[in-house]
Structure formats: structure tokens, C-alpha cells
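Here is model_10.txt, consisting of compact mmCIF, C-alpha atoms and all ligand atoms:
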```
# COMPACT_ATOMS: atom_id res chain seq x y z
CA MET S 10 -64.12 -20.73 1.00
CA ASN S 11 -67.10 -22.86 0.05
CA LYS S 12 -68.32 -21.53 -3.31
CA LYS S 13 -71.94 -22.52 -2.72
CA ILE S 14 -72.19 -20.08 0.19
CA LYS S 15 -72.73 -16.54 -1.10
CA SER S 16 -72.46 -14.89 2.27
CA LEU S 17 -71.24 -16.39 5.52
CA LYS S 18 -73.93 -14.30 7.18
CA ASN S 19 -76.71 -16.42 5.64
CA LEU S 20 -75.94 -19.57 7.58
CA PRO S 21 -77.21 -22.01 8.77
CA ASP S 22 -78.96 -23.98 5.98
CA GLU S 23 -82.63 -24.96 6.36
CA ASN S 24 -81.67 -27.96 8.51
CA GLY S 25 -79.62 -25.87 10.91
CA TYR S 26 -76.20 -26.83 9.54
CA TYR S 27 -73.06 -24.73 9.25
CA GLY S 28 -71.18 -26.87 6.74
CA GLN S 29 -70.99 -30.27 8.43
CA PHE S 30 -71.59 -28.84 11.92
CA GLY S 31 -74.73 -28.00 13.85
CA GLY S 32 -78.07 -29.72 13.27
CA SER S 33 -80.37 -30.95 15.98
CA PHE S 34 -79.69 -34.16 17.89
CA VAL S 35 -82.46 -34.36 20.45
CA PRO S 36 -84.90 -36.98 21.79
CA PRO S 37 -88.03 -37.35 19.58
CA GLN S 38 -90.29 -35.50 22.03
CA LEU S 39 -88.20 -32.32 21.64
CA VAL S 40 -88.25 -32.22 17.83
CA GLU S 41 -91.61 -30.46 17.58
CA PRO S 42 -91.02 -28.00 20.47
CA LEU S 43 -87.75 -26.89 18.82
CA LYS S 44 -89.46 -26.49 15.46
CA GLU S 45 -92.07 -24.33 17.14
CA ILE S 46 -89.33 -22.12 18.63
CA GLU S 47 -87.78 -21.78 15.17
CA ARG S 48 -91.11 -20.87 13.54
CA GLU S 49 -91.95 -18.31 16.21
CA TYR S 50 -88.45 -16.84 16.12
CA LYS S 51 -88.61 -16.39 12.35
CA LYS S 52 -91.92 -14.58 12.71
CA ALA S 53 -90.59 -12.39 15.51
CA LYS S 54 -87.51 -11.53 13.46
CA LYS S 55 -89.74 -10.07 10.75
CA ASP S 56 -92.16 -8.40 13.16
CA PRO S 57 -91.38 -4.68 13.47
CA SER S 58 -93.10 -4.42 16.87
CA PHE S 59 -90.93 -7.23 18.31
CA GLN S 60 -87.78 -5.65 16.88
CA LYS S 61 -88.76 -2.25 18.20
CA GLU S 62 -89.40 -3.56 21.71
CA TYR S 63 -86.02 -5.35 21.61
CA SER S 64 -84.04 -2.37 20.36
CA ASP S 65 -85.75 0.01 22.81
CA LEU S 66 -84.66 -2.26 25.67
CA LEU S 67 -81.11 -2.45 24.32
CA LYS S 68 -80.94 1.31 24.21
CA ASN S 69 -82.76 2.39 27.35
CA TYR S 70 -82.28 -0.59 29.67
CA VAL S 71 -78.93 -2.11 28.66
CA GLY S 72 -77.35 1.22 27.74
CA ARG S 73 -76.41 0.47 24.14
CA PRO S 74 -74.51 1.32 22.07
CA SER S 75 -71.57 0.33 24.27
CA PRO S 76 -68.50 2.49 23.61
CA LEU S 77 -65.67 1.55 21.27
CA TYR S 78 -62.74 2.87 23.26
CA PHE S 79 -59.24 3.60 21.93
CA ALA S 80 -56.82 2.24 24.56
CA LYS S 81 -54.15 4.91 24.26
CA ASN S 82 -52.07 3.86 27.27
CA LEU S 83 -51.88 0.18 26.41
CA THR S 84 -51.22 0.96 22.75
CA ARG S 85 -48.33 3.27 23.66
CA LYS S 86 -46.89 0.76 26.11
CA LEU S 87 -46.94 -2.10 23.61
CA GLY S 88 -45.56 0.12 20.87
CA GLY S 89 -47.34 -1.45 17.89
CA ALA S 90 -50.87 -1.57 16.46
CA LYS S 91 -53.67 0.61 17.80
CA ILE S 92 -55.88 -1.27 20.23
CA TYR S 93 -59.59 -0.53 20.57
CA PHE S 94 -61.87 -2.13 23.14
CA LYS S 95 -65.55 -2.85 22.61
CA ARG S 96 -66.93 -2.20 26.08
CA GLU S 97 -69.54 -4.91 26.63
CA ASP S 98 -68.43 -4.77 30.27
CA LEU S 99 -70.38 -1.50 30.56
CA ASN S 100 -73.74 -3.11 29.76
CA HIS S 101 -76.31 -3.41 32.51
CA THR S 102 -75.42 -6.66 34.40
CA GLY S 103 -71.80 -6.34 33.29
CA ALA S 104 -71.44 -8.53 30.22
CA HIS S 105 -72.58 -9.21 26.68
CA LYS S 106 -75.03 -11.91 27.76
CA ILE S 107 -77.88 -9.47 28.46
CA ASN S 108 -78.09 -8.94 24.66
CA HIS S 109 -79.34 -12.46 23.98
CA CYS S 110 -81.17 -12.89 27.29
CA LEU S 111 -83.54 -10.01 26.60
CA GLY S 112 -84.15 -11.41 23.12
CA GLU S 113 -84.81 -14.91 24.42
CA VAL S 114 -87.14 -13.77 27.20
CA LEU S 115 -89.08 -11.55 24.77
CA LEU S 116 -89.45 -14.59 22.51
CA ALA S 117 -90.56 -16.80 25.43
CA LYS S 118 -93.16 -14.22 26.37
CA ARG S 119 -94.41 -13.96 22.79
CA MET S 120 -94.83 -17.76 22.79
CA GLY S 121 -96.95 -17.59 25.94
CA LYS S 122 -94.46 -19.41 28.19
CA LYS S 123 -94.58 -18.92 31.98
CA LYS S 124 -90.99 -19.71 32.84
CA VAL S 125 -87.46 -19.47 31.44
CA LEU S 126 -84.90 -22.11 32.28
CA ALA S 127 -81.13 -22.13 31.77
CA GLU S 128 -77.72 -23.37 32.78
CA THR S 129 -74.98 -21.04 33.95
CA GLY S 130 -71.19 -21.31 34.39
CA ALA S 131 -69.69 -18.12 35.79
CA GLY S 132 -73.20 -17.08 36.77
CA GLN S 133 -73.20 -14.31 34.18
CA HIS S 134 -75.83 -15.96 31.99
CA GLY S 135 -77.91 -16.76 35.07
CA VAL S 136 -77.77 -13.15 36.25
CA ALA S 137 -78.54 -11.77 32.80
CA LEU S 138 -81.46 -14.16 32.32
CA ALA S 139 -82.83 -13.55 35.83
CA THR S 140 -82.61 -9.83 35.09
CA ALA S 141 -84.51 -10.11 31.81
CA ALA S 142 -87.09 -12.42 33.43
CA ALA S 143 -87.61 -9.97 36.33
CA LEU S 144 -88.04 -7.10 33.90
CA LEU S 145 -90.48 -8.93 31.65
CA GLY S 146 -92.37 -10.76 34.40
CA LEU S 147 -91.51 -14.43 33.83
CA GLU S 148 -90.38 -17.07 36.36
CA CYS S 149 -86.73 -18.08 36.10
CA GLU S 150 -84.91 -21.29 37.07
CA ILE S 151 -81.11 -21.50 36.82
CA HIS S 152 -79.06 -24.71 37.00
CA MET S 153 -75.50 -24.24 38.25
CA GLY S 154 -72.69 -26.66 39.17
CA SER S 155 -71.69 -26.78 42.87
CA ILE S 156 -68.10 -25.79 42.11
CA ASP S 157 -69.25 -22.71 40.21
CA ILE S 158 -71.73 -21.86 42.99
CA ALA S 159 -68.83 -21.74 45.46
CA LYS S 160 -66.52 -19.83 43.10
CA GLN S 161 -69.09 -17.27 41.96
CA HIS S 162 -71.01 -16.64 45.16
CA PRO S 163 -71.94 -12.98 44.49
CA ASN S 164 -73.64 -13.95 41.24
CA VAL S 165 -75.67 -16.59 43.10
CA ILE S 166 -76.90 -13.91 45.50
CA ARG S 167 -77.72 -11.61 42.58
CA MET S 168 -79.84 -14.28 40.90
CA LYS S 169 -81.74 -14.88 44.13
CA LEU S 170 -82.32 -11.16 44.65
CA LEU S 171 -83.66 -10.97 41.11
CA GLY S 172 -86.23 -13.59 42.04
CA ALA S 173 -84.71 -16.63 40.30
CA LYS S 174 -84.58 -20.16 41.69
CA VAL S 175 -80.96 -21.45 41.68
CA LEU S 176 -80.64 -25.22 41.42
CA ASP S 177 -77.40 -26.76 42.78
CA VAL S 178 -76.06 -29.35 40.28
CA THR S 179 -73.99 -31.94 42.17
CA THR S 180 -73.51 -34.47 39.36
CA GLY S 181 -70.39 -35.14 37.24
CA GLY S 182 -67.70 -32.47 37.35
CA LYS S 183 -70.19 -30.04 38.97
CA CYS S 184 -69.41 -27.38 36.34
CA LEU S 185 -70.98 -25.86 33.25
CA LYS S 186 -71.36 -29.06 31.23
CA ASP S 187 -73.25 -30.76 34.06
CA ALA S 188 -75.47 -27.73 34.49
CA VAL S 189 -76.38 -27.91 30.77
CA ASP S 190 -77.26 -31.61 31.12
CA SER S 191 -79.41 -30.88 34.15
CA ALA S 192 -81.26 -27.97 32.53
CA PHE S 193 -81.88 -30.06 29.40
CA THR S 194 -83.43 -32.84 31.49
CA THR S 195 -85.83 -30.38 33.10
CA PHE S 196 -86.72 -28.87 29.72
CA MET S 197 -87.74 -32.32 28.43
CA LYS S 198 -90.30 -32.55 31.21
CA GLU S 199 -91.57 -28.97 31.07
CA TYR S 200 -91.34 -27.77 27.47
CA LYS S 201 -95.05 -26.97 27.25
CA THR S 202 -94.84 -24.16 29.77
CA THR S 203 -91.11 -23.45 29.87
CA PHE S 204 -88.66 -21.82 27.45
CA PHE S 205 -85.10 -23.12 27.53
CA ALA S 206 -82.97 -19.97 27.18
CA ILE S 207 -79.54 -21.32 26.35
CA GLY S 208 -76.52 -19.19 27.32
CA SER S 209 -74.38 -19.26 24.20
CA VAL S 210 -74.33 -20.13 20.49
CA VAL S 211 -74.55 -23.82 21.39
CA GLY S 212 -77.18 -26.56 21.58
CA PRO S 213 -79.52 -27.89 18.90
CA HIS S 214 -80.82 -25.75 16.02
CA PRO S 215 -82.31 -23.11 16.20
CA TYR S 216 -80.45 -21.94 19.35
CA PRO S 217 -77.03 -21.18 17.84
CA MET S 218 -78.73 -19.07 15.17
CA ILE S 219 -81.04 -17.22 17.57
CA VAL S 220 -78.26 -16.34 20.03
CA ARG S 221 -75.94 -15.28 17.20
CA ASP S 222 -78.59 -12.99 15.75
CA PHE S 223 -79.25 -11.30 19.09
CA GLN S 224 -75.51 -10.87 19.72
CA SER S 225 -74.74 -9.54 16.24
CA ILE S 226 -75.59 -6.03 17.48
CA VAL S 227 -72.05 -5.93 18.93
CA GLY S 228 -70.28 -6.17 15.56
CA LYS S 229 -72.82 -3.91 13.86
CA GLU S 230 -72.05 -1.16 16.36
CA VAL S 231 -68.28 -1.73 16.05
CA LYS S 232 -68.49 -1.32 12.28
CA GLU S 233 -70.28 2.01 12.60
CA GLN S 234 -68.04 3.21 15.41
CA ILE S 235 -64.71 2.33 13.79
CA LEU S 236 -65.79 3.87 10.48
CA GLN S 237 -66.59 7.04 12.37
CA GLN S 238 -63.38 7.07 14.44
CA GLU S 239 -60.85 5.72 11.92
CA LYS S 240 -62.68 6.02 8.58
CA ARG S 241 -61.81 2.41 7.82
CA LEU S 242 -62.35 -1.17 8.98
CA PRO S 243 -59.98 -2.73 11.55
CA ASP S 244 -57.23 -5.18 10.52
CA TYR S 245 -57.85 -7.63 13.34
CA ILE S 246 -60.81 -8.48 15.52
CA ILE S 247 -60.34 -10.61 18.63
CA GLY S 248 -62.81 -12.33 20.94
CA CYS S 249 -62.55 -15.05 23.58
CA VAL S 250 -64.38 -18.30 22.86
CA GLY S 251 -66.21 -20.42 25.40
CA GLY S 252 -69.42 -21.42 23.66
CA GLY S 253 -68.66 -18.58 21.28
CA SER S 254 -71.47 -16.02 21.63
CA ASN S 255 -69.47 -12.85 22.32
CA ALA S 256 -66.96 -13.76 19.61
CA ILE S 257 -69.52 -14.47 16.91
CA GLY S 258 -71.51 -11.42 18.00
CA LEU S 259 -68.45 -9.36 17.18
CA PHE S 260 -67.38 -11.35 14.09
CA HIS S 261 -70.74 -11.77 12.35
CA GLU S 262 -70.94 -8.32 10.76
CA PHE S 263 -67.37 -8.70 9.42
CA LEU S 264 -67.56 -12.27 8.06
CA ASP S 265 -67.66 -11.13 4.43
CA ASP S 266 -65.10 -8.33 4.90
CA LYS S 267 -61.32 -8.33 4.55
CA VAL S 268 -60.72 -8.35 8.30
CA LYS S 269 -58.71 -10.99 10.15
CA LEU S 270 -60.75 -12.66 12.88
CA ILE S 271 -59.16 -14.34 15.90
CA GLY S 272 -60.93 -16.51 18.47
CA VAL S 273 -59.07 -17.17 21.72
CA GLU S 274 -59.69 -20.38 23.65
CA PRO S 275 -58.60 -21.15 27.21
CA ALA S 276 -55.32 -23.10 27.29
CA GLY S 277 -55.72 -23.46 31.08
CA LYS S 278 -52.63 -24.83 32.77
CA GLY S 279 -51.14 -25.52 29.33
CA THR S 280 -52.45 -27.75 26.57
CA GLY S 281 -49.49 -30.11 27.08
CA VAL S 282 -50.77 -31.21 30.50
CA GLY S 283 -54.36 -31.77 29.37
CA GLU S 284 -55.93 -29.31 31.81
CA HIS S 285 -57.52 -26.84 29.38
CA ALA S 286 -60.70 -26.19 27.42
CA ALA S 287 -59.28 -25.39 23.96
CA THR S 288 -61.99 -27.32 22.13
CA ILE S 289 -61.45 -26.12 18.58
CA SER S 290 -57.69 -26.48 18.72
CA TYR S 291 -57.60 -29.94 20.33
CA GLY S 292 -61.07 -31.48 20.04
CA SER S 293 -62.57 -33.89 17.54
CA MET S 294 -65.94 -34.12 15.83
CA GLY S 295 -68.70 -35.32 18.11
CA VAL S 296 -72.24 -34.73 19.32
CA LEU S 297 -72.75 -32.78 22.52
CA HIS S 298 -75.84 -31.08 23.94
CA GLY S 299 -77.84 -31.65 20.77
CA MET S 300 -75.34 -30.31 18.23
CA LYS S 301 -72.64 -31.80 16.00
CA THR S 302 -69.47 -29.88 16.73
CA MET S 303 -65.89 -30.10 17.97
CA VAL S 304 -65.73 -31.76 21.39
CA LEU S 305 -62.97 -32.52 23.86
CA GLN S 306 -63.80 -36.18 24.40
CA ASN S 307 -62.33 -39.58 25.16
CA LYS S 308 -62.35 -42.58 22.81
CA LYS S 309 -65.82 -43.58 23.97
CA GLY S 310 -67.18 -40.16 22.97
CA GLU S 311 -67.66 -39.01 26.58
CA PRO S 312 -66.72 -35.34 27.15
CA ASP S 313 -63.37 -34.84 28.89
CA PRO S 314 -63.06 -32.93 32.16
CA VAL S 315 -61.94 -29.40 31.24
CA HIS S 316 -60.23 -26.57 33.05
CA SER S 317 -60.01 -22.81 32.72
CA ILE S 318 -59.44 -20.07 35.25
CA ALA S 319 -62.51 -18.46 33.68
CA SER S 320 -65.71 -20.37 34.56
CA GLY S 321 -67.46 -18.98 31.49
CA LEU S 322 -64.95 -20.66 29.16
CA ASP S 323 -64.91 -23.98 30.99
CA TYR S 324 -66.83 -26.03 28.41
CA PRO S 325 -65.80 -29.15 26.41
CA GLY S 326 -67.81 -28.13 23.33
CA VAL S 327 -68.12 -25.04 21.16
CA GLY S 328 -70.78 -23.43 18.96
CA PRO S 329 -71.07 -25.22 15.59
CA ILE S 330 -70.53 -21.99 13.67
CA HIS S 331 -67.03 -21.71 15.16
CA ALA S 332 -66.22 -25.33 14.26
CA PHE S 333 -67.29 -24.41 10.72
CA LEU S 334 -65.37 -21.12 10.54
CA LYS S 335 -62.25 -22.96 11.69
CA ASP S 336 -62.87 -25.69 9.11
CA ILE S 337 -63.04 -23.23 6.19
CA GLY S 338 -60.15 -21.18 7.56
CA ARG S 339 -62.15 -17.95 7.96
CA VAL S 340 -61.29 -17.53 11.65
CA ASN S 341 -57.94 -18.24 13.25
CA TYR S 342 -58.31 -19.89 16.67
CA THR S 343 -55.52 -19.53 19.20
CA SER S 344 -55.34 -19.92 22.95
CA ALA S 345 -54.12 -18.17 26.10
CA THR S 346 -53.02 -19.92 29.29
CA ASP S 347 -54.30 -19.08 32.78
CA LYS S 348 -50.96 -17.41 33.46
CA GLU S 349 -51.08 -15.21 30.36
CA THR S 350 -54.68 -14.38 31.21
CA ILE S 351 -53.82 -13.23 34.74
CA SER S 352 -51.02 -11.02 33.37
CA ALA S 353 -53.43 -9.42 30.90
CA PHE S 354 -56.04 -8.97 33.66
CA LEU S 355 -53.53 -7.17 35.90
CA GLU S 356 -52.05 -5.14 33.07
CA LEU S 357 -55.37 -3.80 31.79
CA SER S 358 -56.48 -2.94 35.32
CA LYS S 359 -53.32 -0.91 35.98
CA VAL S 360 -52.71 0.66 32.59
CA GLU S 361 -56.26 1.50 31.48
CA GLY S 362 -58.26 1.43 34.72
CA ILE S 363 -60.48 -1.34 33.38
CA ILE S 364 -60.84 -4.57 35.38
CA PRO S 365 -61.90 -7.11 32.76
CA ALA S 366 -63.63 -10.46 33.27
CA LEU S 367 -61.15 -13.35 33.26
CA GLU S 368 -62.93 -14.62 30.16
CA SER S 369 -62.27 -11.35 28.32
CA ALA S 370 -58.68 -11.27 29.60
CA HIS S 371 -57.97 -14.23 27.28
CA ALA S 372 -58.73 -12.01 24.27
CA ILE S 373 -56.68 -9.17 25.76
CA ALA S 374 -53.73 -11.55 26.25
CA GLU S 375 -53.82 -12.35 22.52
CA ALA S 376 -53.98 -8.64 21.62
CA MET S 377 -50.96 -8.01 23.85
CA LYS S 378 -49.02 -10.72 22.01
CA LEU S 379 -50.10 -9.50 18.59
CA ALA S 380 -49.91 -5.68 18.83
CA PRO S 381 -46.11 -5.37 19.25
CA THR S 382 -45.57 -7.50 16.11
CA LEU S 383 -47.62 -5.08 13.96
CA SER S 384 -46.86 -1.60 12.66
CA LYS S 385 -48.43 1.48 14.24
CA ASN S 386 -50.92 2.02 11.42
CA LYS S 387 -52.68 -1.31 12.05
CA ILE S 388 -55.88 -1.51 14.08
CA ILE S 389 -57.00 -4.23 16.48
CA VAL S 390 -60.47 -4.40 18.02
CA VAL S 391 -60.88 -6.57 21.13
CA ASN S 392 -64.14 -7.51 22.80
CA ILE S 393 -64.18 -6.89 26.53
CA SER S 394 -67.09 -9.28 26.93
CA GLY S 395 -67.58 -8.54 30.62
CA ARG S 396 -66.28 -6.82 33.71
CA GLY S 397 -64.11 -8.46 36.33
CA ASP S 398 -65.93 -7.56 39.56
CA LYS S 399 -67.06 -11.16 39.83
CA ASP S 400 -63.44 -12.34 39.69
CA VAL S 401 -61.64 -10.06 42.16
CA ASP S 402 -62.05 -12.30 45.25
CA TYR S 403 -60.74 -15.28 43.31
CA ILE S 404 -57.74 -13.28 42.04
CA ALA S 405 -57.05 -11.88 45.51
CA GLU S 406 -56.91 -15.39 46.95
CA LEU S 407 -54.73 -16.64 44.13
CA LEU S 408 -52.22 -13.78 44.35
CA LYS S 409 -52.53 -13.45 48.14
CA ILE S 410 -53.24 -9.74 47.95
C1 LIG E 1 -70.08 -16.32 29.49
C2 LIG E 1 -69.01 -15.42 29.20
C3 LIG E 1 -68.11 -15.68 28.16
C4 LIG E 1 -68.10 -16.95 27.38
O1 LIG E 1 -69.24 -17.19 26.62
P1 LIG E 1 -69.26 -17.02 25.05
O2 LIG E 1 -70.54 -17.63 24.66
O3 LIG E 1 -68.07 -17.77 24.50
O4 LIG E 1 -69.17 -15.59 24.77
C5 LIG E 1 -67.15 -14.72 27.88
N1 LIG E 1 -67.06 -13.58 28.59
C6 LIG E 1 -67.91 -13.30 29.61
C7 LIG E 1 -67.74 -12.04 30.36
C8 LIG E 1 -68.90 -14.22 29.95
O5 LIG E 1 -69.73 -13.92 30.95
```
As C-alpha cells - that is how I would like this structure written.
Amino acid sequence: MNKKIKSLKNLPDENGYYGQFGGSFVPPQLVEPLKEIEREYKKAKKDPSFQKEYSDLLKNYVGRPSPLYFAKNLTRKLGGAKIYFKREDLNHTGAHKINHCLGEVLLAKRMGKKKVLAETGAGQHGVALATAAALLGLECEIHMGSIDIAKQHPNVIRMKLLGAKVLDVTTGGKCLKDAVDSAFTTFMKEYKTTFFAIGSVVGPHPYPMIVRDFQSIVGKEVKEQILQQEKRLPDYIIGCVGGGSNAIGLFHEFLDDKVKLIGVEPAGKGTGVGEHAATISYGSMGVLHGMKTMVLQNKKGEPDPVHSIASGLDYPGVGPIHAFLKDIGRVNYTSATDKETISAFLELSKVEGIIPALESAHAIAEAMKLAPTLSKNKIIVVNISGRGDKDVDYIAELLKI
């Protein structure tokens, strides 16, 4: 570990870097608007009235703390380590994303903005942001790739019901990456009145830091809950990694502890055939969406087309903090294929009565591989980042059920 860093929780440095990753690579006209967001965020972070409003909403509107549930049936069936699930799927709107959306919309409101703007992949960020915007009385505009619009139709309807404008992105691969590009372009034109509320720990500084801070509630709760239930810290903590917000939200509180952290990327149809989105495992250093990070890219530095059965993981980049944690060896990044993910999805549904999001099923797949190799006194905590209601039609079609 880097000796100059006292605590991994104190990152990034004053320029927004996590080791060699992060920073802010944006057109000159966005430099000042981003600095203003950073200044205002730092003030809000220290302002007890802002923090109180945020934590009241988490408690009374989102339904936090989410349970830490001991999965007795799955544990018994696998015959190894004890498996606990952090139930972010039980949050209002069905995933962890509401945690940072409420924070971002509160910040936008504090800054006097009229509108929040964002990209969405699976539609989960769009729904969470539209929800927070409806609650707090701001306009909301969501950019979404055409392919995702078709695949995640119910979420599109939800966003519209919540009063958001959904913009169909027909450029490029018509997925998450293209939606980010499109939302960025709009932000450049409208930054005076609009707050860009990014959907993960990605983008230029200060976004990765802001989203991480708002998500860190997940790990803080887990620490309290596991100490209460088991009187000790877990041995392993597992989260799926798209941009990396649910994983870092869970990891952050444990970064300085003796706990093994595992991030699971989507191996898609198999990393051998190139149709995957396992950025940290197979990418190289590059600049994408305003940050220096690991990117799946060709020799010209253009992002590669990526694939995952989970729309929310379908992204050729990753949050700079994850690139850094991989670099220093603090987090172990593995991957799960679409096939392994579907097995985990079906298994959890049947054995525990929990239908997880396909994104979360990647983390569950890793836990199912790991648990049988460990003794019964070991403890694994897995983040169920969201619920699978949004995925059941897709699965039904795939399995012809
Ligand atoms: C969006 C999403 C993810 C992936 O995003 P991260 O920023 O990597 O957490 C994972 N799970 C669910 C349920 C999602 O909606």
C-alpha cells in the first residue's frame, strides 16, 4: 500500500486523483462549473441542516437502514461460509441508486438549479433521479440509449409517470456510453441552470467523490449490523461493478480494515470472445467521460463495444477509485459470465425467495463460487444492489418460460 496515504478513506487528493487515476478532463467552459459544484458540495457536507435533511429522507422516504439478512437456506445448500445479503433491493425505487440521487438533487436545489440531467442504462438511475426530482420539485431530463429503452420498457414508463422527460439516444451503440455522451453535450449548453447528476462513481472530479460519499451509508450500516449480529467484521465483502457505486458504497467503510474486498465485473459471453464489459480485468489506461481510468478501448483510444446481460453493468469504463484499488491490490476484481449470472439469479429466487437484479446476480454468482471453498466459520457479505422485477420479462423470453 502507498505509504503516503494514511487512510484510503481520505481520497481523492486536492486535484481529484486516486493515485494516478481520476482528475478532470473536460472542455475549458466546464472547469469553473465543476469547481463550483465541488465548493458547494464541500460546504453542504459540513452543513448540519443539509446532512439532517438528507438523513431524514434516507430514513423516512427510502426506508433505511436496509436489512442485513443472513441467507440461511443458501448457506446450508452451499455448505461453506455464512452468507449475508445487504438488501439495497428493498429501498424505495428498488436499488441503491436512490442513495446518491437524493443527495445530488438536494445539492442541485441548494445551488439554485432548476433542472437535473442524467444518463441511464438499465433505467434504474433514471427512475431514482426522476423520483428524487419529483419529491424535491425540480425538472428532470434523462438520456437513454434506444436499445436500453426497448429492453427496460417499464422503467421508461416509470420515469414518464414521475414527470421526467426521456430522451431517446440513437447514436453509436445506443447504450449507456452513448447516453453519457449525449447527457454531457446537453450539460455543456445548460450548466448555468442545470445540474448534471451522474449515475455512478464516474466522470470528472468531483463526481466520483460525491457519489461515493452518498453511497458510503451502505457500508456504514453493514458495519454496525454485522457487529450486532456476529460481534465481528466479515471476512469477505462482495459487490458487482459497473461504474462502481454500489461496490464502493459497501467497501468504503471497510477500506482500512482487515476484510477482503471483491468486485465482480460482467464477463458477458466470456472474456475469450470479446463480448464482455470486464473493464478492470481487461482494459487499459485511458480517458473517458472526463476521467483518467481503465477503459476497454481500441488502439486509437476509442471505447470498445461492450456486452453484459445486465444493462447497468454495460459500460466500457469504471470509476477511477476502483482502477486505483486494483492498482494497489486492495480490492480483488473477478468476473461472472452471463450464464453464471442467470444461474445465480434463478438459484436465489428459488432458495431464498429473493429475485435479484441481474447486476446484483453477478456478485451472488461470485459468492456461490467462493462460499463452498471456505469453512463454516467464515462470513461473506454480498450487496444485493437492486431487485429483479425490471428483468423478469427479459429472463422469461430468454428461458422461454
Ligand atoms: C446501476 C446498477 C448497478 C451498476 O452500477 P454501479 O455504479 O456499478 O453500482 C448495479 N446494480 C443495480 C441494481 C443497478 O441498478
key: Proximity to Asp347 of chain S - best of S:Val360, S:Ile318, S:Leu99, S:Ala192, all atoms listed in the file   =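 Under the stated criterion, the closest residue is S:Ile318.
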_Which residue is closest to ligand LIG 1 (chain E)? Choose from S:Asp98, S:Glu49, S:Asp187, S:Glu361 and count only C-alpha atoms and all ligand atoms._
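Between S:Asp98, S:Glu49, S:Asp187, S:Glu361, the residue approaching ligand LIG 1 (chain E) most closely is S:Asp98.
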*asked:* To check your reading of the model: which residues sit at most 7 Å from ligand LIG 1 (chain E) when counting only C-alpha atoms and all ligand atoms? Write the answer as an MDAnalysis selection string.
replied: chainID S and resid 104:106 131 133:134 208:210 249:256 321:322 366 368:369 394:396
Need to verify the contact set: segment 177-186 of chain S, 9 Å, all atoms listed in the file, exclusion of same-chain residues closer than 4 positions in sequence. Can you return it as a ChimeraX atom specification? /S:128-131,151-158,190-191,298,312,314-315,320-326
Write the residues of the preceding selection, restricted to C-alpha atoms, as a PDB file, in the frame of the given file.
```
ATOM      1  CA  GLU S 128     -77.720 -23.370  32.780  1.00  0.00           C
ATOM      2  CA  THR S 129     -74.980 -21.040  33.950  1.00  0.00           C
ATOM      3  CA  GLY S 130     -71.190 -21.310  34.390  1.00  0.00           C
ATOM      4  CA  ALA S 131     -69.690 -18.120  35.790  1.00  0.00           C
ATOM      5  CA  ILE S 151     -81.110 -21.500  36.820  1.00  0.00           C
ATOM      6  CA  HIS S 152     -79.060 -24.710  37.000  1.00  0.00           C
ATOM      7  CA  MET S 153     -75.500 -24.240  38.250  1.00  0.00           C
ATOM      8  CA  GLY S 154     -72.690 -26.660  39.170  1.00  0.00           C
ATOM      9  CA  SER S 155     -71.690 -26.780  42.870  1.00  0.00           C
ATOM     10  CA  ILE S 156     -68.100 -25.790  42.110  1.00  0.00           C
ATOM     11  CA  ASP S 157     -69.250 -22.710  40.210  1.00  0.00           C
ATOM     12  CA  ILE S 158     -71.730 -21.860  42.990  1.00  0.00           C
ATOM     13  CA  ASP S 190     -77.260 -31.610  31.120  1.00  0.00           C
ATOM     14  CA  SER S 191     -79.410 -30.880  34.150  1.00  0.00           C
ATOM     15  CA  HIS S 298     -75.840 -31.080  23.940  1.00  0.00           C
ATOM     16  CA  PRO S 312     -66.720 -35.340  27.150  1.00  0.00           C
ATOM     17  CA  PRO S 314     -63.060 -32.930  32.160  1.00  0.00           C
ATOM     18  CA  VAL S 315     -61.940 -29.400  31.240  1.00  0.00           C
ATOM     19  CA  SER S 320     -65.710 -20.370  34.560  1.00  0.00           C
ATOM     20  CA  GLY S 321     -67.460 -18.980  31.490  1.00  0.00           C
ATOM     21  CA  LEU S 322     -64.950 -20.660  29.160  1.00  0.00           C
ATOM     22  CA  ASP S 323     -64.910 -23.980  30.990  1.00  0.00           C
ATOM     23  CA  TYR S 324     -66.830 -26.030  28.410  1.00  0.00           C
ATOM     24  CA  PRO S 325     -65.800 -29.150  26.410  1.00  0.00           C
ATOM     25  CA  GLY S 326     -67.810 -28.130  23.330  1.00  0.00           C
TER      26      GLY S 326
END
```
The distance between atom CA of Leu147 of chain S and atom CA of Asp398 of chain S is 27.1 Å
Within 9 Å of segment 16-34 of chain S, which residues of segment 262-300 of chain S come that close, and what is the closest atom pair and distance in Å for each? Count all atoms listed in the file and give it as CSV.
```
residue,atom,partner,partner_atom,distance
S:Glu262,CA,S:Lys18,CA,7.6
S:Phe263,CA,S:Lys18,CA,8.9
S:Leu264,CA,S:Leu17,CA,6.1
S:Asp265,CA,S:Leu17,CA,6.5
S:Met294,CA,S:Phe30,CA,8.7
S:Val296,CA,S:Phe34,CA,7.6
S:Leu297,CA,S:Phe34,CA,8.5
S:His298,CA,S:Phe34,CA,7.8
S:Gly299,CA,S:Phe34,CA,4.2
S:Met300,CA,S:Gly31,CA,5.0
```
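As for atom CA of Cys149 of chain S and atom CA of Tyr50 of chain S, they are spaced 20.1 Å apart.
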ask   = Of the candidates S:Ala90, S:Asn392, S:Lys123, S:Asp222, which shows the shortest atom-to-atom distance to Lys54 of chain S, using only C-alpha atoms?
value =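 Among S:Ala90, S:Asn392, S:Lys123, S:Asp222, it is S:Asp222 that comes nearest to Lys54 of chain S.
Between atom CA of Leu355 of chain S and atom CA of Pro275 of chain S the separation is 17.2 Å.
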Who sits within 10 Å of Leu87 of chain S, only C-alpha atoms, same chain under 6 positions skipped, as an MDAnalysis selection string:
chainID S and resid 376:382
(request) Would you list the contacts of Ile257 of chain S as a ChimeraX atom specification, taking every protein, DNA or RNA residue within 8 Å and counting all atoms listed in the file, but skipping same-chain residues closer than 5 positions in sequence? (result) /S:221,224-225,331
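Minimum distance to Val35 of chain S across S:Ile330, S:Pro213, S:Glu239, S:Ile388 (counting all atoms listed in the file) occurs at S:Pro213.
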Which of these, S:Met303, S:Leu111, S:Met168, S:Val231, has the shortest distance to Leu77 of chain S once you count all atoms listed in the file?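 Smallest distance to Leu77 of chain S is found for S:Val231.
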Among S:Gly338, S:Pro42, S:Pro57, S:Gly135, Ile207 of chain S is approached most closely, using only C-alpha atoms, by S:Gly135
